[in-house]
Amino acid sequence: GEPALVARALTGCACRAAGDRDRAVAYFTEAAEIARASGDSWWLGQTVALEAVAALLFGEPVVGQAAAEEALRIADAIGERFV
């Protein structure tokens with residue numbers, strides 16, 4: 001549905017905005033909120049995993065670890081081995 005497409009677009013925007021930490025975080029946050037609200041656990045896992053990578057690139061290992069742990073919890077819950 002439409003929320004899933006919006007979440008995917010926002011995640012893409014977050015990746016594209018990788019040079020601007022504040023903008024990337026805002027996009028990741030909104031994408032995750034939409035994915036959660038729409039029940040799209042698969043995309044939520046993808047978004048949070050990408051957020052973890054971005055946090056590491058921004059030099060924020062604590063934030064990255066928290067996001068990675070959340071992504072792994074989501075992946076385990078839905079049986080998604082790729083995340």
# chains A, B, ... in the order shown; residues from 1 in each chain; ligands from 1
call {"tool": "residues_around", "arguments": {"residues": "Phe58 of chain A", "least_positions_apart": "3", "cutoff": "12 Å", "atoms": "only C-alpha atoms", "output": "ChimeraX atom specification"}}
result
/A:17-22,24-25,51-55,61-64
call {"tool": "write_last_selection", "arguments": {"atoms": "N, CA and C atoms", "output": "compact mmCIF listing (two decimals), in the first residue's frame"}}
result
# COMPACT_ATOMS: atom_id res chain seq x y z
N ALA A 17 20.93 11.18 1.46
CA ALA A 17 21.34 12.32 2.28
C ALA A 17 22.47 11.97 3.23
N ALA A 18 23.21 10.94 2.92
CA ALA A 18 24.25 10.43 3.82
C ALA A 18 25.29 11.48 4.18
N GLY A 19 25.45 12.51 3.41
CA GLY A 19 26.40 13.57 3.74
C GLY A 19 25.86 14.57 4.73
N ASP A 20 24.57 14.49 5.04
CA ASP A 20 23.92 15.43 5.94
C ASP A 20 23.28 14.64 7.07
N ARG A 21 23.99 14.51 8.19
CA ARG A 21 23.54 13.67 9.29
C ARG A 21 22.12 13.99 9.75
N ASP A 22 21.82 15.26 9.98
CA ASP A 22 20.50 15.63 10.50
C ASP A 22 19.39 15.25 9.53
N ALA A 24 19.54 12.90 7.16
CA ALA A 24 19.46 11.44 7.07
C ALA A 24 18.71 10.86 8.27
N VAL A 25 19.04 11.34 9.47
CA VAL A 25 18.36 10.85 10.67
C VAL A 25 16.87 11.15 10.60
N GLU A 51 20.00 2.33 8.86
CA GLU A 51 20.26 3.39 9.83
C GLU A 51 21.49 3.05 10.68
N ALA A 52 21.65 1.78 11.01
CA ALA A 52 22.82 1.34 11.78
C ALA A 52 24.11 1.61 11.01
N VAL A 53 24.10 1.28 9.74
CA VAL A 53 25.28 1.51 8.90
C VAL A 53 25.58 3.01 8.81
N ALA A 54 24.54 3.80 8.60
CA ALA A 54 24.73 5.25 8.50
C ALA A 54 25.30 5.82 9.80
N ALA A 55 24.80 5.34 10.93
CA ALA A 55 25.30 5.83 12.22
C ALA A 55 26.80 5.55 12.36
N PRO A 61 29.05 5.07 17.00
CA PRO A 61 28.97 3.62 17.19
C PRO A 61 27.90 3.17 18.18
N VAL A 62 27.61 3.98 19.20
CA VAL A 62 26.58 3.59 20.17
C VAL A 62 25.21 3.59 19.50
N VAL A 63 24.92 4.62 18.74
CA VAL A 63 23.65 4.68 18.00
C VAL A 63 23.59 3.55 16.99
N GLY A 64 24.71 3.31 16.31
CA GLY A 64 24.76 2.24 15.32
C GLY A 64 24.52 0.88 15.94
call {"tool": "residues_around", "arguments": {"residues": "Thr29 of chain A", "least_positions_apart": "4", "cutoff": "10 Å", "atoms": "only C-alpha atoms", "output": "list in words"}}
result
Ala7, Leu10, Thr11, Ala14, Arg23, Ala24, Val25, Glu33, Ile34, Ala35, Thr47, Val48 and Glu51 of chain A
call {"tool": "residues_around", "arguments": {"residues": "Leu72 of chain A", "least_positions_apart": "3", "cutoff": "8 Å", "atoms": "only C-alpha atoms", "output": "PyMOL selection string"}}
result
chain A and resi 45+68-69+75-76+83
call {"tool": "residues_around", "arguments": {"residues": "Trp42 of chain A", "least_positions_apart": "5", "cutoff": "8 Å", "atoms": "only C-alpha atoms", "output": "ChimeraX atom specification"}}
result
/A:74-75,78,80
call {"tool": "closest_residue", "arguments": {"among": "A:Ala67, A:Gly59, A:Arg73, A:Phe82", "to": "Ala32 of chain A", "atoms": "only C-alpha atoms"}}
result
A:Ala67
